[in-house]
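Student: Shown below is the structure under consideration.
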Amino acid sequence: MSLQAVEKGRAPMDETERQGRIDLAAMFRIAVRYNWHEGIANHFSLAVSADGKRFLMNPQGMHWSRIRASDLLLLDADGSDDVIGQGAGKADPTAWHIHSKIHAGSPKARCVLHTHMFYATTLACLKGYRLQMIDQNAMRFHDRVAYDETFNGMALDDGEGRRIGGTIEDGKSVVFMANHGVAVIGESVAQAFDENYYLERACKLQVLALSTGQPLHVVSDEVAAMTSAQWQRDDTRDSAVDHFNEMKAILDRDEPDYKV
Ligand SMILES: [Zn+2]
């Protein structure tokens, strides 16, 4: 199957979806390179309609190192978990419940990355822990992290998606999911990738710092807020695109089949 193929009776593909498929497929391959994946589990999604309700997501049971643009499922957050366009296979039930509720309720959440990446998840499993403002990477996330303290087993209903969606509406872009993992939300795949990268770096440093048993040297709220604002300047947005494009260039060199 190729990206050009449009199957009979299914939604035709526009340019937003075509490019979205390539970017999201790249995101899965990049995530494998950073060891953010867990077996064949976890899930990313990308909205491809203006209202955010049509979105792409990975098929259940496919290892991220093999995902291609044409494998991604086109889904409708207002509908069932039936694939409405091109895609290989079906949606994982927990993924459907989480991502459909986020996209249905939060048009601003264009790209949603859910992982159990080691260091962020480690911190999400510490009782009452809050990301500490001890280095520049952590300060990037000053006042942008939400904490969902409720773990009710695996997400087999809409509750988890609703809770995560609610935190995004409050202006947060990262959700620490207690006893579970993290969700990172961005305006584009590039921005979500860059956020995810720096989040895991910040969390790794924090786990290492805690492991020394020494007191953390936390900066003032004012310094953390100022540093966060420096991260948010427009040139930082460009650097997210540069970062993502560099990673795609590496994929183009080593594993160009992600685009197919
Ligand atoms: Zn999970």
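Please note that chains go A, B, ... in the order of the structure tokens, that every chain numbers its residues from 1, and that ligands are numbered from 1 in the order shown.
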Collect all residues with atoms no farther than 7 Å from ligand 1, counting only C-alpha atoms and all ligand atoms, and output them as a list in words.
Tutor: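 Counting only what the definition allows, namely only C-alpha atoms and all ligand atoms, the set is Asn42, His114, Thr115, His116, His180 and Gly181 of chain A.
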Student: I want to know what sits within 6 Å of stretch 192-194 of chain A, based on only C-alpha atoms, with residues of the same chain fewer than 5 positions away left out; could you give that as a list in words?
Tutor: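 So, after excluding close chain neighbours, the residues are Ile185, Gly186 and Ala240 of chain A.
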Student: For stretch 95-112 of chain A, find every residue with an atom within 6 Å (counting only C-alpha atoms), except residues of its own chain fewer than 2 positions away, and show them as number ranges by chain.
Tutor: A: 44-47, 51-53, 77, 92-93, 157-158, 160-162, 165, 184-189
Student: Determine, counting only C-alpha atoms, which protein, DNA and RNA residues have an atom within 10 Å of an atom of A:Asp238; residues of the same chain fewer than 6 positions away are not included. Present the result as a list in words.
Tutor: Ala190, Gln191 and Phe244 of chain A
Student: I need the chosen residues saved as a PDB file, in the first residue's frame, with all heavy atoms.
Tutor:
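Just written: out_21.pdb:
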ATOM      1  N   ALA A 190       6.713  18.381  15.277  1.00  0.00           N
ATOM      2  CA  ALA A 190       8.042  18.922  15.588  1.00  0.00           C
ATOM      3  C   ALA A 190       8.075  19.486  17.009  1.00  0.00           C
ATOM      4  O   ALA A 190       9.005  19.225  17.776  1.00  0.00           O
ATOM      5  CB  ALA A 190       8.424  19.998  14.578  1.00  0.00           C
ATOM      6  N   GLN A 191       7.066  20.250  17.351  1.00  0.00           N
ATOM      7  CA  GLN A 191       7.064  20.873  18.676  1.00  0.00           C
ATOM      8  C   GLN A 191       6.904  19.820  19.773  1.00  0.00           C
ATOM      9  O   GLN A 191       7.582  19.867  20.798  1.00  0.00           O
ATOM     10  CB  GLN A 191       5.947  21.907  18.760  1.00  0.00           C
ATOM     11  CG  GLN A 191       6.195  22.913  19.867  1.00  0.00           C
ATOM     12  CD  GLN A 191       4.921  23.601  20.324  1.00  0.00           C
ATOM     13  OE1 GLN A 191       3.861  23.453  19.693  1.00  0.00           O
ATOM     14  NE2 GLN A 191       5.014  24.333  21.394  1.00  0.00           N
ATOM     15  N   PHE A 244      13.690  18.598  14.652  1.00  0.00           N
ATOM     16  CA  PHE A 244      12.891  17.540  14.021  1.00  0.00           C
ATOM     17  C   PHE A 244      13.378  17.259  12.599  1.00  0.00           C
ATOM     18  O   PHE A 244      13.510  16.098  12.190  1.00  0.00           O
ATOM     19  CB  PHE A 244      11.411  17.946  14.025  1.00  0.00           C
ATOM     20  CG  PHE A 244      10.474  16.870  13.553  1.00  0.00           C
ATOM     21  CD1 PHE A 244      10.466  15.616  14.140  1.00  0.00           C
ATOM     22  CD2 PHE A 244       9.580  17.122  12.518  1.00  0.00           C
ATOM     23  CE1 PHE A 244       9.590  14.615  13.710  1.00  0.00           C
ATOM     24  CE2 PHE A 244       8.703  16.132  12.082  1.00  0.00           C
ATOM     25  CZ  PHE A 244       8.714  14.880  12.675  1.00  0.00           C
TER      26      PHE A 244
END
Student: How would you write, as a PyMOL selection string, the set of residues in stretch 4-229 of chain A that DSSP gives as alpha helix (DSSP H)?
Tutor: chain A and resi 15-33+93-105+118-124+136-139+159-169+189-211+221-229
Student: Could you produce a table of the residues of stretch 135-162 of chain A lying within 10 Å of stretch 216-226 of chain A, with the nearest pair of atoms per residue and their separation in Å rounded to one decimal, using only C-alpha atoms, ordered by chain and increasing residue number, as a tab-separated table?
Tutor:
residue	atom	partner	partner_atom	distance
A:Asp135	CA	A:Val218	CA	8.3
A:Gln136	CA	A:Ala224	CA	8.2
A:Ala138	CA	A:Ala224	CA	8.6
A:Met139	CA	A:Ala224	CA	5.2
A:Arg140	CA	A:Ala224	CA	7.9
A:Phe141	CA	A:Ala224	CA	8.9
A:His142	CA	A:Ala225	CA	6.2
A:Asp143	CA	A:Ala225	CA	7.9
Student: How many Å lie between atom CA of A:Met154 and atom CA of A:Thr94, rounded to one decimal?
Tutor: 7.1 Å
Student: What is the atom CA of A:His43-atom CA of A:Asn58 distance in Å, reported with one decimal?
Tutor: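 Spanning atom CA of A:His43 to atom CA of A:Asn58 is a straight-line distance of 6.3 Å.
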Student: With only C-alpha atoms as the atoms that count, which of A:Leu251, A:Val48, A:Ala202, A:Val175 lies nearest to A:Phe28?
Tutor: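 That would be A:Leu251, the residue with the smallest distance to A:Phe28.
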Student: Can you measure atom CA of A:Gln19 to atom CA of A:Gly171 for me? One decimal in Å is fine.
Tutor: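 Between atom CA of A:Gln19 and atom CA of A:Gly171 the gap is 26.6 Å.
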Student: If we count only C-alpha atoms and set the cut-off at 10 Å, which residues sit around A:Arg33, ignoring sequence neighbours fewer than 6 positions away in its own chain? Please answer as a list in words.
Tutor: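 The contact residues come out as Met27, Ser65 and Met247 of chain A.
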Student: Could you write out that same residue set with C-alpha atoms as an mmCIF file, in the first residue's frame?
Tutor:
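Below is the file that was written, result-v9.cif:
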data_model
loop_
_atom_site.group_PDB
_atom_site.id
_atom_site.type_symbol
_atom_site.label_atom_id
_atom_site.label_comp_id
_atom_site.auth_asym_id
_atom_site.auth_seq_id
_atom_site.Cartn_x
_atom_site.Cartn_y
_atom_site.Cartn_z
ATOM 1 C CA MET A 27 8.148 10.471 15.194
ATOM 2 C CA SER A 65 10.544 0.681 14.279
ATOM 3 C CA MET A 247 16.180 13.779 12.902
#
